[in-house]
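Colleague: Provided herewith: my_file-v7.csv, CSV, C-alpha atoms.
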```csv
chain,number,residue,atom,x,y,z
H,433,MET,CA,0.0,0.0,0.0
H,434,PRO,CA,1.8,3.2,-1.1
H,435,ASP,CA,1.9,6.2,1.2
H,436,ILE,CA,2.8,9.8,0.7
H,437,LEU,CA,5.7,10.7,2.9
H,438,HIS,CA,7.3,14.1,3.6
H,439,ARG,CA,9.6,15.8,6.1
H,440,VAL,CA,10.1,19.5,6.7
H,441,GLY,CA,11.7,21.3,9.6
H,442,MET,CA,11.0,24.7,11.0
H,443,GLN,CA,12.3,27.2,13.6
H,444,GLY,CA,9.5,27.2,16.1
H,445,SER,CA,8.5,25.1,19.1
H,446,ALA,CA,6.5,21.8,18.7
H,447,GLU,CA,3.7,23.6,20.6
H,448,LYS,CA,3.6,26.4,18.0
H,449,VAL,CA,3.6,23.9,15.2
H,450,HIS,CA,0.8,22.0,16.9
H,451,GLN,CA,-1.3,25.2,17.1
H,452,ALA,CA,-0.9,25.6,13.3
H,453,LEU,CA,-2.2,22.1,12.8
H,454,SER,CA,-5.0,22.1,15.3
H,455,THR,CA,-6.8,25.5,15.2
H,456,LEU,CA,-9.1,26.8,12.4
H,457,ASP,CA,-7.0,30.0,12.2
H,458,GLY,CA,-3.7,28.0,11.9
H,459,LEU,CA,-5.1,25.7,9.2
H,460,SER,CA,-6.5,28.6,7.3
H,461,ARG,CA,-3.1,30.2,7.2
H,462,TRP,CA,-1.1,27.5,5.5
H,463,TRP,CA,-3.4,24.9,3.9
H,464,ILE,CA,-6.8,26.2,2.8
H,465,THR,CA,-8.4,29.6,3.6
H,466,GLY,CA,-11.8,29.7,5.2
H,467,THR,CA,-11.5,26.4,7.1
H,468,HIS,CA,-14.3,25.7,9.6
H,469,GLY,CA,-15.7,23.0,11.8
H,470,ASN,CA,-14.4,21.4,15.0
H,471,PRO,CA,-10.7,20.8,15.3
H,472,GLN,CA,-11.0,18.9,18.7
H,473,VAL,CA,-10.5,15.1,18.9
H,474,GLY,CA,-13.7,13.5,17.6
H,475,GLY,CA,-14.7,16.6,15.7
H,476,THR,CA,-14.7,17.1,11.9
H,477,ILE,CA,-12.9,20.0,10.2
H,478,HIS,CA,-14.3,21.2,6.8
H,479,PHE,CA,-11.8,22.4,4.2
H,480,ALA,CA,-13.9,23.9,1.4
H,481,PRO,CA,-12.1,25.5,-1.5
H,482,GLU,CA,-14.2,26.3,-4.5
H,483,GLY,CA,-15.1,23.2,-6.6
H,484,GLY,CA,-14.2,20.6,-4.0
H,485,GLY,CA,-13.2,20.1,-0.4
H,486,PHE,CA,-12.2,17.7,2.3
H,487,ASP,CA,-13.8,16.7,5.6
H,488,MET,CA,-11.3,15.5,8.2
H,489,GLN,CA,-12.3,13.6,11.3
H,490,VAL,CA,-9.8,14.4,14.1
H,491,LEU,CA,-8.4,11.1,15.4
H,492,GLU,CA,-5.6,12.5,17.6
H,493,SER,CA,-4.4,15.9,18.6
H,494,THR,CA,-1.7,16.0,21.3
H,495,PRO,CA,0.1,19.3,21.9
H,496,GLY,CA,3.7,19.2,20.9
H,497,GLU,CA,3.5,15.6,19.5
H,498,VAL,CA,1.0,14.7,16.9
H,499,VAL,CA,-2.1,15.5,14.8
H,500,LYS,CA,-4.0,12.7,13.0
H,501,TRP,CA,-7.0,12.9,10.7
H,502,ARG,CA,-9.2,10.4,8.8
H,503,CYS,CA,-10.7,11.7,5.6
H,504,VAL,CA,-14.5,11.3,5.8
H,505,GLY,CA,-15.5,13.5,2.8
H,506,GLY,CA,-13.8,14.5,-0.4
H,507,PRO,CA,-12.4,12.9,-3.5
H,508,SER,CA,-13.2,9.2,-3.7
H,509,GLU,CA,-9.4,8.4,-3.6
H,510,TRP,CA,-9.1,10.2,-0.3
H,511,ILE,CA,-12.0,8.6,1.6
H,512,ASP,CA,-10.8,6.6,4.6
H,513,THR,CA,-7.1,7.6,4.0
H,514,GLU,CA,-5.3,8.8,7.2
H,515,LEU,CA,-3.1,11.8,7.5
H,516,THR,CA,-0.5,12.1,10.3
H,517,PHE,CA,1.6,15.0,11.3
H,518,ARG,CA,4.2,13.8,13.8
H,519,LEU,CA,6.2,16.5,15.5
H,520,VAL,CA,9.9,15.8,16.4
H,521,PRO,CA,11.8,18.6,18.2
H,522,LYS,CA,15.6,18.5,17.4
H,523,GLN,CA,18.0,21.2,18.6
H,524,ASP,CA,16.9,24.5,17.1
H,525,GLN,CA,13.9,23.3,15.1
H,526,THR,CA,10.8,21.1,15.0
H,527,PHE,CA,10.6,18.5,12.3
H,528,VAL,CA,7.2,17.5,10.9
H,529,LEU,CA,7.0,13.9,9.7
H,530,PHE,CA,4.0,13.7,7.5
H,531,THR,CA,2.2,10.6,6.1
H,532,HIS,CA,-0.9,10.4,3.9
H,533,ALA,CA,-1.5,6.7,4.2
H,534,GLY,CA,-4.2,4.2,3.0
H,535,TRP,CA,-4.3,5.0,-0.7
H,536,ARG,CA,-5.6,2.0,-2.6
H,537,ASP,CA,-3.5,2.5,-5.8
H,538,PRO,CA,-0.7,4.8,-6.9
H,539,VAL,CA,-2.9,6.6,-9.3
H,540,GLU,CA,-1.8,9.8,-11.1
H,541,PHE,CA,-3.9,11.9,-8.7
H,542,MET,CA,-1.7,10.4,-5.8
H,543,HIS,CA,1.4,11.7,-7.6
H,544,HIS,CA,-0.2,15.1,-7.9
H,545,CYS,CA,-1.2,15.2,-4.2
H,546,SER,CA,2.3,14.1,-3.1
H,547,THR,CA,3.8,17.1,-4.8
H,548,LYS,CA,1.1,19.4,-3.5
H,549,TRP,CA,1.6,18.3,0.1
H,550,ALA,CA,5.2,19.3,-0.2
H,551,VAL,CA,4.1,22.7,-1.3
H,552,PHE,CA,1.7,23.1,1.6
H,553,LEU,CA,4.2,21.8,4.2
H,554,LEU,CA,6.6,24.5,3.0
H,555,SER,CA,3.7,26.9,3.4
H,556,LEU,CA,3.3,25.6,7.0
H,557,LYS,CA,7.1,26.3,7.5
H,558,ASP,CA,6.7,29.9,6.3
H,559,TRP,CA,3.6,30.4,8.5
H,560,VAL,CA,5.4,29.2,11.6
H,561,GLU,CA,8.7,31.0,10.9
H,562,GLN,CA,7.5,34.2,9.3
H,563,GLY,CA,3.8,34.5,10.0
H,564,LYS,CA,3.1,34.4,6.3
H,565,GLY,CA,1.9,31.1,4.7
H,566,HIS,CA,0.6,30.4,1.2
H,567,PRO,CA,-2.7,28.7,1.7
H,568,HIS,CA,-5.0,27.8,-1.2
H,569,PRO,CA,-5.9,29.8,-3.3
H,570,TYR,CA,-2.5,31.6,-2.9
H,571,ASP,CA,-0.6,28.3,-3.0
H,572,VAL,CA,2.4,27.6,-5.3
H,573,LYS,CA,1.0,26.1,-8.6
H,574,ILE,CA,2.5,22.9,-9.8
H,575,HIS,CA,1.1,22.8,-13.3
H,576,PRO,CA,-0.6,25.2,-15.7
H,577,GLY,CA,-4.3,25.2,-14.6
H,578,ASP,CA,-3.5,24.0,-11.0
I,232,MET,CA,7.8,-1.4,-0.9
I,233,PRO,CA,7.2,2.3,-0.6
I,234,ASP,CA,7.9,4.6,-3.5
I,235,ILE,CA,8.3,8.4,-3.8
I,236,LEU,CA,5.7,9.7,-6.3
I,237,HIS,CA,5.3,13.2,-7.8
I,238,ARG,CA,3.7,14.9,-10.7
I,239,VAL,CA,4.4,18.4,-12.0
I,240,GLY,CA,3.2,19.9,-15.3
I,241,MET,CA,5.0,22.6,-17.4
I,242,GLN,CA,4.5,24.7,-20.5
I,243,GLY,CA,7.0,23.2,-22.9
I,244,SER,CA,7.2,20.3,-25.3
I,245,ALA,CA,8.0,16.8,-24.1
I,246,GLU,CA,11.2,17.0,-26.3
I,247,LYS,CA,12.3,20.1,-24.4
I,248,VAL,CA,11.6,18.5,-21.0
I,249,HIS,CA,13.6,15.4,-22.1
I,250,GLN,CA,16.5,17.7,-23.0
I,251,ALA,CA,16.5,19.0,-19.4
I,252,LEU,CA,16.6,15.5,-18.1
I,253,SER,CA,19.1,14.0,-20.5
I,254,THR,CA,21.9,16.6,-21.0
I,255,LEU,CA,24.6,17.6,-18.5
I,256,ASP,CA,23.7,21.3,-19.0
I,257,GLY,CA,20.0,20.6,-18.4
I,258,LEU,CA,20.6,18.6,-15.3
I,259,SER,CA,22.9,21.2,-13.9
I,260,ARG,CA,20.2,23.9,-14.4
I,261,TRP,CA,17.5,22.3,-12.2
I,262,TRP,CA,19.0,19.6,-9.9
I,263,ILE,CA,22.7,19.9,-9.1
I,264,THR,CA,25.2,22.3,-10.5
I,265,GLY,CA,28.4,21.0,-12.0
I,266,THR,CA,27.0,17.7,-13.1
I,267,HIS,CA,29.3,15.6,-15.3
I,268,GLY,CA,29.6,12.1,-16.8
I,269,ASN,CA,27.8,10.4,-19.7
I,270,PRO,CA,24.0,10.9,-20.0
I,271,GLN,CA,23.6,8.4,-22.8
I,272,VAL,CA,21.9,5.0,-22.2
I,273,GLY,CA,24.5,2.8,-20.5
I,274,GLY,CA,26.5,5.7,-19.3
I,275,THR,CA,26.8,7.0,-15.7
I,276,ILE,CA,26.1,10.6,-14.7
I,277,HIS,CA,27.9,12.0,-11.6
I,278,PHE,CA,26.1,14.5,-9.4
I,279,ALA,CA,28.6,15.8,-7.0
I,280,PRO,CA,27.5,18.4,-4.5
I,281,GLU,CA,29.9,19.2,-1.7
I,282,GLY,CA,29.8,16.5,1.0
I,283,GLY,CA,28.0,13.8,-0.9
I,284,GLY,CA,26.8,12.9,-4.3
I,285,PHE,CA,25.0,10.4,-6.5
I,286,ASP,CA,26.1,8.3,-9.5
I,287,MET,CA,23.2,7.4,-11.8
I,288,GLN,CA,23.4,4.7,-14.5
I,289,VAL,CA,21.2,5.6,-17.4
I,290,LEU,CA,18.8,2.7,-18.1
I,291,GLU,CA,16.4,4.5,-20.5
I,292,SER,CA,16.4,7.8,-22.3
I,293,THR,CA,13.8,8.2,-25.1
I,294,PRO,CA,13.2,11.7,-26.4
I,295,GLY,CA,9.7,12.9,-25.5
I,296,GLU,CA,8.9,9.9,-23.5
I,297,VAL,CA,11.0,8.8,-20.6
I,298,VAL,CA,14.3,8.9,-18.7
I,299,LYS,CA,15.2,6.2,-16.2
I,300,TRP,CA,18.2,5.8,-13.9
I,301,ARG,CA,19.5,3.3,-11.4
I,302,CYS,CA,21.5,4.7,-8.5
I,303,VAL,CA,24.9,3.0,-8.4
I,304,GLY,CA,26.7,5.4,-6.0
I,305,GLY,CA,25.5,7.6,-3.2
I,306,PRO,CA,23.8,7.2,0.2
I,307,SER,CA,23.3,3.6,1.2
I,308,GLU,CA,19.5,4.0,1.2
I,309,TRP,CA,19.7,5.1,-2.5
I,310,ILE,CA,21.9,2.2,-3.9
I,311,ASP,CA,19.9,0.2,-6.5
I,312,THR,CA,16.9,2.4,-6.2
I,313,GLU,CA,15.4,3.4,-9.6
I,314,LEU,CA,14.3,6.9,-10.7
I,315,THR,CA,11.9,7.3,-13.5
I,316,PHE,CA,10.7,10.5,-15.2
I,317,ARG,CA,7.8,9.6,-17.5
I,318,LEU,CA,6.7,12.4,-19.9
I,319,VAL,CA,3.0,12.8,-20.7
I,320,PRO,CA,2.0,15.6,-23.1
I,321,LYS,CA,-1.5,16.9,-22.5
I,322,GLN,CA,-3.0,19.9,-24.3
I,323,ASP,CA,-0.9,22.9,-23.5
I,324,GLN,CA,1.7,21.3,-21.2
I,325,THR,CA,3.9,18.3,-20.5
I,326,PHE,CA,3.4,16.4,-17.3
I,327,VAL,CA,6.3,14.7,-15.6
I,328,LEU,CA,5.3,11.6,-13.6
I,329,PHE,CA,8.2,10.9,-11.3
I,330,THR,CA,8.9,7.8,-9.2
I,331,HIS,CA,11.9,7.0,-7.0
I,332,ALA,CA,11.3,3.3,-6.3
I,333,GLY,CA,13.0,0.5,-4.6
I,334,TRP,CA,13.4,2.0,-1.1
I,335,ARG,CA,13.8,-0.8,1.4
I,336,ASP,CA,12.1,1.0,4.3
I,337,PRO,CA,10.2,4.2,4.8
I,338,VAL,CA,13.0,5.7,6.9
I,339,GLU,CA,13.1,9.4,7.9
I,340,PHE,CA,15.6,10.1,5.1
I,341,MET,CA,13.0,8.9,2.6
I,342,HIS,CA,10.5,11.5,4.0
I,343,HIS,CA,13.2,14.2,3.5
I,344,CYS,CA,14.0,13.0,0.0
I,345,SER,CA,10.4,13.0,-1.0
I,346,THR,CA,9.9,16.7,-0.1
I,347,LYS,CA,13.2,17.6,-1.7
I,348,TRP,CA,12.2,15.9,-5.0
I,349,ALA,CA,9.1,18.1,-5.1
I,350,VAL,CA,11.3,21.1,-4.7
I,351,PHE,CA,13.6,20.0,-7.5
I,352,LEU,CA,10.8,19.1,-9.9
I,353,LEU,CA,9.4,22.6,-9.4
I,354,SER,CA,12.9,23.8,-10.2
I,355,LEU,CA,12.7,21.7,-13.4
I,356,LYS,CA,9.4,23.5,-14.2
I,357,ASP,CA,11.0,26.9,-13.7
I,358,TRP,CA,13.9,25.9,-15.9
I,359,VAL,CA,11.7,24.7,-18.7
I,360,GLU,CA,9.2,27.6,-18.5
I,361,GLN,CA,11.4,30.5,-17.6
I,362,GLY,CA,15.0,29.4,-18.3
I,363,LYS,CA,15.8,29.8,-14.6
I,364,GLY,CA,15.9,26.8,-12.3
I,365,HIS,CA,17.0,26.6,-8.7
I,366,PRO,CA,19.6,23.7,-8.6
I,367,HIS,CA,21.6,22.8,-5.5
I,368,PRO,CA,23.2,24.9,-3.9
I,369,TYR,CA,20.5,27.5,-4.9
I,370,ASP,CA,17.6,25.2,-4.0
I,371,VAL,CA,14.7,25.9,-1.8
I,372,LYS,CA,15.6,24.8,1.8
I,373,ILE,CA,13.2,22.6,3.6
I,374,HIS,CA,14.6,22.8,7.1
I,375,PRO,CA,17.1,25.0,9.0
I,376,GLY,CA,20.6,23.6,8.0
I,377,ASP,CA,19.3,21.9,4.8
```
As structure tokens, please, write out the structure in this file.

Modeller:
Amino acid sequence: MPDILHRVGMQGSAEKVHQALSTLDGLSRWWITGTHGNPQVGGTIHFAPEGGGFDMQVLESTPGEVVKWRCVGGPSEWIDTELTFRLVPKQDQTFVLFTHAGWRDPVEFMHHCSTKWAVFLLSLKDWVEQGKGHPHPYDVKIHPGD
Amino acid sequence: MPDILHRVGMQGSAEKVHQALSTLDGLSRWWITGTHGNPQVGGTIHFAPEGGGFDMQVLESTPGEVVKWRCVGGPSEWIDTELTFRLVPKQDQTFVLFTHAGWRDPVEFMHHCSTKWAVFLLSLKDWVEQGKGHPHPYDVKIHPGD
């Protein structure tokens, strides 16, 4: 079963990174603007860009350690996939080890999403370090028409 | 067996993208500066940044279609892994479907390399579209100390 894997590191405490991953304001600043819903464990967060969207059930949210979601609404390829952000403090930075697991097949859309997650995790880095992320629709485009 | 997967699309013909993937000048403009060696099928390309490097044996190189390498020198985790750039023209752009396959384990270094490949594939996009890539050591940094 193929997974999407990424790692980025950022100057900022694991608690600050957790805030960016577990509050509606934080998530709106690096992934998708206008996020709403309930980011507590057991709640569901709604990410609703024009023309699509994702509903994420929060499975875990431990300050300074981890955030884990299950996708319960969105593209068919995403349903029941699990997304984990594991926080690893090291010296002067916090690493985020990211997995988007449970894809059934390595379809072309999975290739696209892998590259796009890199873009958004670097947006998370910019948000934590500089207070300026690049959430959708201001994200870095990875192909004409993206 | 986990693979790294990515997809980027760029304005430019599949032949032009193939040039960027199969000539020493092209590879030096988006991945690693100062690349040398033999980029023909059967040859070995040497990517030699300070403090490390990769030797890639060219398994396939078909203009407008595909470039495929096997890693024969470099970090132990990379040895015998295979890297494929498959070119897919669609309307006004060429998509690059990238896989870095044959990793033995989803180690933390693999997470790092996945994110880094996204950065370099977007550098390839910039090189093809604008004539200005961001090869190492001018690449986008994904953590403090990268």

Colleague: Counting only C-alpha atoms, which residue out of H:Asp524, H:Asp537, H:Glu497, H:Asp571 sits closest to chain I?

Modeller: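 Nearest to chain I: H:Asp524.
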
Colleague: Could you please tell me, as JSON, numbers by chain, which residues of chain H have an atom within 12 Å of chain I when using only C-alpha atoms?

Modeller: {"H": [433, 434, 435, 436, 437, 438, 439, 440, 441, 442, 443, 444, 518, 520, 522, 523, 524, 525, 526, 527, 528, 529, 530, 531, 532, 533, 535, 537, 538, 539, 540, 541, 542, 543, 544, 545, 546, 547, 548, 549, 550, 551, 552, 553, 554, 555, 556, 557, 558, 561, 572, 573, 574, 575, 576, 577, 578]}

Colleague: Can you tell me, as a PyMOL selection string, what residues are no more than 12 Å from Trp501 of chain H when counting only C-alpha atoms, ignoring any on the same chain fewer than 3 positions away?

Modeller: chain H and resi 453-454+471-478+486-493+498+504-505+510-518+530-534

Colleague: What does the C-alpha RMSD come to when chain H is least-squares superposed onto chain I, all C-alpha atoms paired in sequence order?

Modeller: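 Result of the CA superposition: 0.1 Å.
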
Colleague: As an exercise, work out the distance from atom CA of Pro495 of chain H to atom CA of Lys448 of chain H in Å and give it to one decimal place.

Modeller: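 We find that atom CA of Pro495 of chain H and atom CA of Lys448 of chain H lie 8.8 Å from each other.
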